[in-house]
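Peer 1: As input, take query.cif (mmCIF, N, CA and C atoms):
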data_target
loop_
_atom_site.group_PDB
_atom_site.id
_atom_site.type_symbol
_atom_site.label_atom_id
_atom_site.label_comp_id
_atom_site.auth_asym_id
_atom_site.auth_seq_id
_atom_site.Cartn_x
_atom_site.Cartn_y
_atom_site.Cartn_z
ATOM 1 N N MET A 90 -105.362 36.900 -81.685
ATOM 2 C CA MET A 90 -105.342 36.799 -80.246
ATOM 3 C C MET A 90 -104.489 37.911 -79.640
ATOM 4 N N ALA A 91 -103.519 38.387 -80.403
ATOM 5 C CA ALA A 91 -102.663 39.460 -79.898
ATOM 6 C C ALA A 91 -103.486 40.719 -79.598
ATOM 7 N N ALA A 92 -104.501 41.000 -80.413
ATOM 8 C CA ALA A 92 -105.340 42.182 -80.199
ATOM 9 C C ALA A 92 -106.103 42.090 -78.887
ATOM 10 N N LEU A 93 -106.315 40.874 -78.404
ATOM 11 C CA LEU A 93 -106.992 40.671 -77.121
ATOM 12 C C LEU A 93 -105.990 40.458 -75.985
ATOM 13 N N ALA A 94 -104.697 40.556 -76.315
ATOM 14 C CA ALA A 94 -103.610 40.337 -75.347
ATOM 15 C C ALA A 94 -103.670 38.922 -74.767
ATOM 16 N N ILE A 95 -103.968 37.960 -75.639
ATOM 17 C CA ILE A 95 -104.017 36.554 -75.247
ATOM 18 C C ILE A 95 -102.858 35.837 -75.939
ATOM 19 N N ASP A 96 -102.017 35.190 -75.148
ATOM 20 C CA ASP A 96 -100.898 34.431 -75.696
ATOM 21 C C ASP A 96 -101.412 33.035 -76.064
ATOM 22 N N PHE A 97 -101.866 32.910 -77.301
ATOM 23 C CA PHE A 97 -102.517 31.675 -77.719
ATOM 24 C C PHE A 97 -102.402 31.544 -79.230
ATOM 25 N N ASN A 98 -102.072 30.383 -79.700
ATOM 26 C CA ASN A 98 -102.026 30.122 -81.135
ATOM 27 C C ASN A 98 -103.271 29.344 -81.538
ATOM 28 N N VAL A 99 -104.051 29.948 -82.392
ATOM 29 C CA VAL A 99 -105.273 29.311 -82.876
ATOM 30 C C VAL A 99 -104.907 28.301 -83.955
ATOM 31 N N THR A 100 -105.542 27.170 -83.899
ATOM 32 C CA THR A 100 -105.332 26.144 -84.914
ATOM 33 C C THR A 100 -106.676 25.817 -85.545
ATOM 34 N N ASP A 101 -106.813 26.162 -86.815
ATOM 35 C CA ASP A 101 -108.009 25.805 -87.568
ATOM 36 C C ASP A 101 -107.654 24.619 -88.459
ATOM 37 N N THR A 102 -108.560 23.687 -88.561
ATOM 38 C CA THR A 102 -108.359 22.507 -89.395
ATOM 39 C C THR A 102 -109.445 22.472 -90.453
ATOM 40 N N PHE A 103 -109.045 22.219 -91.670
ATOM 41 C CA PHE A 103 -109.980 22.139 -92.792
ATOM 42 C C PHE A 103 -109.873 20.760 -93.418
ATOM 43 N N HIS A 104 -110.992 20.086 -93.583
ATOM 44 C CA HIS A 104 -111.060 18.792 -94.252
ATOM 45 C C HIS A 104 -111.893 18.992 -95.514
ATOM 46 N N ILE A 105 -111.235 18.840 -96.646
ATOM 47 C CA ILE A 105 -111.901 19.061 -97.927
ATOM 48 C C ILE A 105 -112.026 17.727 -98.646
ATOM 49 N N SER A 106 -113.244 17.407 -99.041
ATOM 50 C CA SER A 106 -113.502 16.171 -99.785
ATOM 51 C C SER A 106 -113.768 16.513 -101.246
ATOM 52 N N PHE A 107 -113.175 15.739 -102.121
ATOM 53 C CA PHE A 107 -113.369 15.934 -103.553
ATOM 54 C C PHE A 107 -114.121 14.750 -104.131
ATOM 55 N N GLN A 108 -114.934 15.060 -105.118
ATOM 56 C CA GLN A 108 -115.662 14.012 -105.825
ATOM 57 C C GLN A 108 -115.675 14.395 -107.303
ATOM 58 N N LYS A 109 -115.127 13.518 -108.118
ATOM 59 C CA LYS A 109 -115.042 13.768 -109.560
ATOM 60 C C LYS A 109 -114.317 15.081 -109.860
ATOM 61 N N GLY A 110 -113.254 15.345 -109.099
ATOM 62 C CA GLY A 110 -112.428 16.521 -109.342
ATOM 63 C C GLY A 110 -112.990 17.835 -108.841
ATOM 64 N N LYS A 111 -114.113 17.791 -108.132
ATOM 65 C CA LYS A 111 -114.717 19.016 -107.600
ATOM 66 C C LYS A 111 -114.866 18.894 -106.092
ATOM 67 N N ILE A 112 -114.857 20.032 -105.436
ATOM 68 C CA ILE A 112 -115.053 20.031 -103.981
ATOM 69 C C ILE A 112 -116.452 19.530 -103.682
ATOM 70 N N HIS A 113 -116.517 18.520 -102.834
ATOM 71 C CA HIS A 113 -117.796 17.914 -102.472
ATOM 72 C C HIS A 113 -118.272 18.432 -101.115
ATOM 73 N N SER A 114 -117.317 18.562 -100.170
ATOM 74 C CA SER A 114 -117.687 19.078 -98.849
ATOM 75 C C SER A 114 -116.459 19.661 -98.158
ATOM 76 N N VAL A 115 -116.730 20.561 -97.222
ATOM 77 C CA VAL A 115 -115.676 21.168 -96.414
ATOM 78 C C VAL A 115 -116.138 21.136 -94.973
ATOM 79 N N LYS A 116 -115.294 20.603 -94.110
ATOM 80 C CA LYS A 116 -115.567 20.595 -92.675
ATOM 81 C C LYS A 116 -114.425 21.326 -91.989
ATOM 82 N N THR A 117 -114.776 22.158 -91.032
ATOM 83 C CA THR A 117 -113.746 22.907 -90.321
ATOM 84 C C THR A 117 -113.880 22.703 -88.821
ATOM 85 N N SER A 118 -112.775 22.910 -88.148
ATOM 86 C CA SER A 118 -112.791 22.917 -86.689
ATOM 87 C C SER A 118 -111.768 23.942 -86.227
ATOM 88 N N SER A 119 -111.960 24.442 -85.026
ATOM 89 C CA SER A 119 -111.075 25.468 -84.487
ATOM 90 C C SER A 119 -110.992 25.332 -82.977
ATOM 91 N N ASN A 120 -109.902 25.812 -82.436
ATOM 92 C CA ASN A 120 -109.740 25.810 -80.989
ATOM 93 C C ASN A 120 -109.811 27.230 -80.425
ATOM 94 N N ASP A 121 -110.593 28.087 -81.070
ATOM 95 C CA ASP A 121 -110.751 29.461 -80.583
ATOM 96 C C ASP A 121 -111.228 29.450 -79.135
ATOM 97 N N PRO A 122 -110.574 30.224 -78.272
ATOM 98 C CA PRO A 122 -111.019 30.278 -76.871
ATOM 99 C C PRO A 122 -112.321 31.068 -76.730
ATOM 100 N N ASP A 123 -112.999 30.868 -75.632
ATOM 101 C CA ASP A 123 -114.255 31.585 -75.376
ATOM 102 C C ASP A 123 -114.064 33.092 -75.443
ATOM 103 N N ALA A 124 -112.901 33.582 -75.003
ATOM 104 C CA ALA A 124 -112.632 35.024 -75.013
ATOM 105 C C ALA A 124 -112.744 35.598 -76.425
ATOM 106 N N TYR A 125 -112.348 34.824 -77.428
ATOM 107 C CA TYR A 125 -112.467 35.274 -78.807
ATOM 108 C C TYR A 125 -113.938 35.435 -79.196
ATOM 109 N N HIS A 126 -114.736 34.422 -78.903
ATOM 110 C CA HIS A 126 -116.152 34.467 -79.258
ATOM 111 C C HIS A 126 -116.871 35.593 -78.521
ATOM 112 N N GLU A 127 -116.521 35.812 -77.270
ATOM 113 C CA GLU A 127 -117.110 36.910 -76.493
ATOM 114 C C GLU A 127 -116.719 38.258 -77.085
ATOM 115 N N ALA A 128 -115.456 38.391 -77.484
ATOM 116 C CA ALA A 128 -114.997 39.652 -78.072
ATOM 117 C C ALA A 128 -115.660 39.909 -79.418
ATOM 118 N N LYS A 129 -115.798 38.864 -80.218
ATOM 119 C CA LYS A 129 -116.459 39.011 -81.515
ATOM 120 C C LYS A 129 -117.907 39.462 -81.324
ATOM 121 N N GLU A 130 -118.581 38.868 -80.379
ATOM 122 C CA GLU A 130 -119.956 39.258 -80.079
ATOM 123 C C GLU A 130 -120.020 40.715 -79.613
ATOM 124 N N TRP A 131 -119.052 41.123 -78.792
ATOM 125 C CA TRP A 131 -118.994 42.504 -78.301
ATOM 126 C C TRP A 131 -118.843 43.472 -79.473
ATOM 127 N N VAL A 132 -117.936 43.166 -80.401
ATOM 128 C CA VAL A 132 -117.717 44.039 -81.555
ATOM 129 C C VAL A 132 -118.985 44.122 -82.396
ATOM 130 N N ASP A 133 -119.598 42.977 -82.681
ATOM 131 C CA ASP A 133 -120.829 42.968 -83.474
ATOM 132 C C ASP A 133 -121.915 43.828 -82.837
ATOM 133 N N LYS A 134 -122.005 43.794 -81.526
ATOM 134 C CA LYS A 134 -123.055 44.526 -80.809
ATOM 135 C C LYS A 134 -122.706 46.000 -80.582
ATOM 136 N N ASN A 135 -121.457 46.267 -80.177
ATOM 137 C CA ASN A 135 -121.081 47.611 -79.737
ATOM 138 C C ASN A 135 -120.355 48.454 -80.770
ATOM 139 N N ARG A 136 -119.756 47.834 -81.768
ATOM 140 C CA ARG A 136 -119.021 48.587 -82.794
ATOM 141 C C ARG A 136 -119.308 48.029 -84.189
ATOM 142 N N PRO A 137 -120.596 47.885 -84.539
ATOM 143 C CA PRO A 137 -120.923 47.293 -85.838
ATOM 144 C C PRO A 137 -120.340 48.070 -87.012
ATOM 145 N N GLU A 138 -120.088 49.351 -86.826
ATOM 146 C CA GLU A 138 -119.515 50.146 -87.919
ATOM 147 C C GLU A 138 -118.116 49.668 -88.301
ATOM 148 N N PHE A 139 -117.450 48.942 -87.414
ATOM 149 C CA PHE A 139 -116.125 48.393 -87.719
ATOM 150 C C PHE A 139 -116.219 47.207 -88.682
ATOM 151 N N VAL A 140 -117.337 46.474 -88.635
ATOM 152 C CA VAL A 140 -117.381 45.203 -89.357
ATOM 153 C C VAL A 140 -118.561 45.008 -90.296
ATOM 154 N N LYS A 141 -119.666 45.667 -90.055
ATOM 155 C CA LYS A 141 -120.889 45.371 -90.828
ATOM 156 C C LYS A 141 -120.645 45.432 -92.333
ATOM 157 N N LYS A 142 -120.234 46.565 -92.850
ATOM 158 C CA LYS A 142 -120.015 46.714 -94.298
ATOM 159 C C LYS A 142 -118.773 45.944 -94.739
ATOM 160 N N ALA A 143 -117.708 46.017 -93.942
ATOM 161 C CA ALA A 143 -116.444 45.370 -94.313
ATOM 162 C C ALA A 143 -116.568 43.847 -94.397
ATOM 163 N N CYS A 144 -117.442 43.262 -93.599
ATOM 164 C CA CYS A 144 -117.566 41.800 -93.558
ATOM 165 C C CYS A 144 -118.675 41.273 -94.458
ATOM 166 N N GLU A 145 -119.413 42.183 -95.076
ATOM 167 C CA GLU A 145 -120.538 41.794 -95.917
ATOM 168 C C GLU A 145 -120.068 40.987 -97.125
ATOM 169 N N GLY A 146 -120.572 39.775 -97.265
ATOM 170 C CA GLY A 146 -120.302 38.964 -98.441
ATOM 171 C C GLY A 146 -118.968 38.236 -98.479
ATOM 172 N N ILE A 147 -118.196 38.264 -97.386
ATOM 173 C CA ILE A 147 -116.871 37.633 -97.462
ATOM 174 C C ILE A 147 -116.934 36.127 -97.636
ATOM 175 N N TRP A 148 -118.047 35.513 -97.269
ATOM 176 C CA TRP A 148 -118.164 34.053 -97.422
ATOM 177 C C TRP A 148 -118.915 33.671 -98.689
ATOM 178 N N GLU A 149 -119.294 34.654 -99.490
ATOM 179 C CA GLU A 149 -120.023 34.393 -100.730
ATOM 180 C C GLU A 149 -119.192 34.769 -101.954
ATOM 181 N N GLY A 150 -117.879 34.680 -101.849
ATOM 182 C CA GLY A 150 -117.025 34.933 -102.998
ATOM 183 C C GLY A 150 -116.661 36.382 -103.225
ATOM 184 N N GLU A 151 -116.960 37.225 -102.288
ATOM 185 C CA GLU A 151 -116.577 38.626 -102.418
ATOM 186 C C GLU A 151 -115.063 38.753 -102.215
ATOM 187 N N PRO A 152 -114.532 39.965 -102.287
ATOM 188 C CA PRO A 152 -113.077 40.138 -102.109
ATOM 189 C C PRO A 152 -112.586 39.576 -100.773
ATOM 190 N N THR A 153 -111.299 39.465 -100.657
ATOM 191 C CA THR A 153 -110.704 38.904 -99.444
ATOM 192 C C THR A 153 -111.185 39.651 -98.207
ATOM 193 N N PRO A 154 -111.219 38.977 -97.081
ATOM 194 C CA PRO A 154 -111.778 39.567 -95.858
ATOM 195 C C PRO A 154 -110.817 40.462 -95.078
ATOM 196 N N CYS A 155 -109.844 41.069 -95.745
ATOM 197 C CA CYS A 155 -108.850 41.883 -95.039
ATOM 198 C C CYS A 155 -109.485 43.022 -94.240
ATOM 199 N N GLU A 156 -110.374 43.791 -94.859
ATOM 200 C CA GLU A 156 -111.001 44.916 -94.157
ATOM 201 C C GLU A 156 -111.845 44.421 -92.984
ATOM 202 N N CYS A 157 -112.498 43.290 -93.167
ATOM 203 C CA CYS A 157 -113.296 42.697 -92.095
ATOM 204 C C CYS A 157 -112.394 42.322 -90.918
ATOM 205 N N ALA A 158 -111.289 41.663 -91.209
ATOM 206 C CA ALA A 158 -110.351 41.267 -90.156
ATOM 207 C C ALA A 158 -109.786 42.479 -89.444
ATOM 208 N N LEU A 159 -109.436 43.515 -90.192
ATOM 209 C CA LEU A 159 -108.900 44.729 -89.569
ATOM 210 C C LEU A 159 -109.939 45.400 -88.674
ATOM 211 N N GLY A 160 -111.188 45.414 -89.113
ATOM 212 C CA GLY A 160 -112.252 45.983 -88.288
ATOM 213 C C GLY A 160 -112.418 45.216 -86.995
ATOM 214 N N MET A 161 -112.366 43.891 -87.087
ATOM 215 C CA MET A 161 -112.492 43.055 -85.893
ATOM 216 C C MET A 161 -111.309 43.291 -84.951
ATOM 217 N N ILE A 162 -110.112 43.388 -85.513
ATOM 218 C CA ILE A 162 -108.922 43.646 -84.696
ATOM 219 C C ILE A 162 -109.054 44.979 -83.971
ATOM 220 N N ASN A 163 -109.508 46.003 -84.664
ATOM 221 C CA ASN A 163 -109.691 47.305 -84.021
ATOM 222 C C ASN A 163 -110.718 47.231 -82.898
ATOM 223 N N GLY A 164 -111.781 46.494 -83.124
ATOM 224 C CA GLY A 164 -112.781 46.307 -82.080
ATOM 225 C C GLY A 164 -112.222 45.543 -80.890
ATOM 226 N N PHE A 165 -111.433 44.507 -81.155
ATOM 227 C CA PHE A 165 -110.811 43.728 -80.082
ATOM 228 C C PHE A 165 -109.891 44.617 -79.245
ATOM 229 N N LYS A 166 -109.118 45.459 -79.932
ATOM 230 C CA LYS A 166 -108.207 46.361 -79.209
ATOM 231 C C LYS A 166 -108.990 47.325 -78.322
ATOM 232 N N GLU A 167 -110.096 47.840 -78.845
ATOM 233 C CA GLU A 167 -110.921 48.754 -78.054
ATOM 234 C C GLU A 167 -111.482 48.042 -76.826
ATOM 235 N N LEU A 168 -111.982 46.833 -77.006
ATOM 236 C CA LEU A 168 -112.502 46.061 -75.882
ATOM 237 C C LEU A 168 -111.406 45.793 -74.860
ATOM 238 N N ARG A 169 -110.225 45.436 -75.336
ATOM 239 C CA ARG A 169 -109.090 45.191 -74.440
ATOM 240 C C ARG A 169 -108.788 46.425 -73.595
ATOM 241 N N GLU A 170 -108.789 47.603 -74.222
ATOM 242 C CA GLU A 170 -108.520 48.847 -73.493
ATOM 243 C C GLU A 170 -109.619 49.156 -72.472
ATOM 244 N N ILE A 171 -110.855 48.895 -72.837
ATOM 245 C CA ILE A 171 -111.964 49.103 -71.894
ATOM 246 C C ILE A 171 -111.800 48.199 -70.682
ATOM 247 N N LYS A 172 -111.472 46.946 -70.926
ATOM 248 C CA LYS A 172 -111.282 45.998 -69.819
ATOM 249 C C LYS A 172 -110.103 46.413 -68.958
ATOM 250 N N LYS A 173 -109.035 46.851 -69.595
ATOM 251 C CA LYS A 173 -107.840 47.308 -68.876
ATOM 252 C C LYS A 173 -108.182 48.511 -67.988
ATOM 253 N N LYS A 174 -108.928 49.439 -68.537
ATOM 254 C CA LYS A 174 -109.336 50.641 -67.816
ATOM 255 C C LYS A 174 -110.208 50.293 -66.616
ATOM 256 N N ASN A 175 -111.029 49.250 -66.781
ATOM 257 C CA ASN A 175 -111.933 48.821 -65.702
ATOM 258 C C ASN A 175 -111.302 47.784 -64.771
ATOM 259 N N GLY A 176 -110.001 47.508 -64.978
ATOM 260 C CA GLY A 176 -109.294 46.593 -64.101
ATOM 261 C C GLY A 176 -109.628 45.120 -64.311
ATOM 262 N N ARG A 177 -110.046 44.760 -65.506
ATOM 263 C CA ARG A 177 -110.348 43.352 -65.778
ATOM 264 C C ARG A 177 -109.380 42.766 -66.739
#
In structure tokens, how does this file's structure come out?

Peer 2:
Amino acid sequence: MAALAIDFNVTDTFHISFQKGKIHSVKTSSNDPDAYHEAKEWVDKNRPEFVKKACEGIWEGEPTPCECALGMINGFKELREIKKKNGR
């Protein structure tokens, strides 16, 4: 949220169910504000080079999503500067 200049603490909740010692299901919830979702959509559309390759496979057991997160942060910062420049 800092990259978007939003003073907000995100809280994600994970509920993991086990059955016979193995993960049976995972449910998540988050309180991400709309501004986050709008910014993510903006990055995906306007700066895919920041995230496309870096985010590929992060949910399928690939390496940690550090590069993906950094790409998103850079995109958020760029969007923030554009909005600042345009007085929004």

Peer 1: Go through A:Gly164, A:Phe107, A:Val99, A:Leu93 and flag the residue nearest Arg136 of chain A, using only N, CA and C atoms for the distances.

Peer 2: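 Smallest separation from Arg136 of chain A among the options: A:Gly164.
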
Peer 1: Quote the spacing between atom CA of Phe139 of chain A and atom CA of Asp101 of chain A in Å to one decimal place.

Peer 2: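 Between atom CA of Phe139 of chain A and atom CA of Asp101 of chain A the gap works out to 24.0 Å.
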
Peer 1: Check what the PyMOL selection byres ((chain A and resi 102) around 6) selects in the file above and give those residues as a PyMOL selection string.

Peer 2: chain A and resi 100-101+103-104+116-119

Peer 1: Can you check which residues of chain A DSSP gives as alpha helix (DSSP H) on the backbone and send them as a PyMOL selection string?

Peer 2: chain A and resi 123-135+137-140+155-174

Peer 1: Could you give me, as a PyMOL selection string, each residue of chain A that DSSP assigns to strand (DSSP E) when run on this structure's backbone?

Peer 2: chain A and resi 101-108+111-119

Peer 1: Hey, what comes out of the PyMOL selection byres ((chain A and resi 160) around 8) on this file? Could you write it as a ChimeraX atom specification?

Peer 2: /A:132,136,138-141,143-144,154-159,161-166

Peer 1: Using the file's own x, y and z axes, what box holds all listed atoms of segment 95-111 of chain A with 5 Å on each side, keeping edges along x, y and z, and what are its centre and edge lengths in Å to one decimal, as lines of an AutoDock Vina configuration file?

Peer 2:
center_x = -108.3
center_y = 25.7
center_z = -92.5
size_x = 24.8
size_y = 34.4
size_z = 44.7

Peer 1: Figure out the distance between atom CA of Arg169 of chain A and atom CA of Ala92 of chain A, please, to one decimal in Å.

Peer 2: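 Rounded to one decimal, the two atoms are 7.5 Å apart.
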
Peer 1: Find the distance between atom C of Val115 of chain A and atom CA of Ile147 of chain A and write it in Å to one decimal.

Peer 2: 16.7 Å

Peer 1: Go through A:Glu170, A:Trp148, A:Ala128, A:Asp121 one by one, measure the shortest atom-to-atom distance of each to Phe97 of chain A using only C-alpha atoms, and give the residue with the smallest value.

Peer 2: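 Closest residue, counting only C-alpha atoms: A:Asp121.
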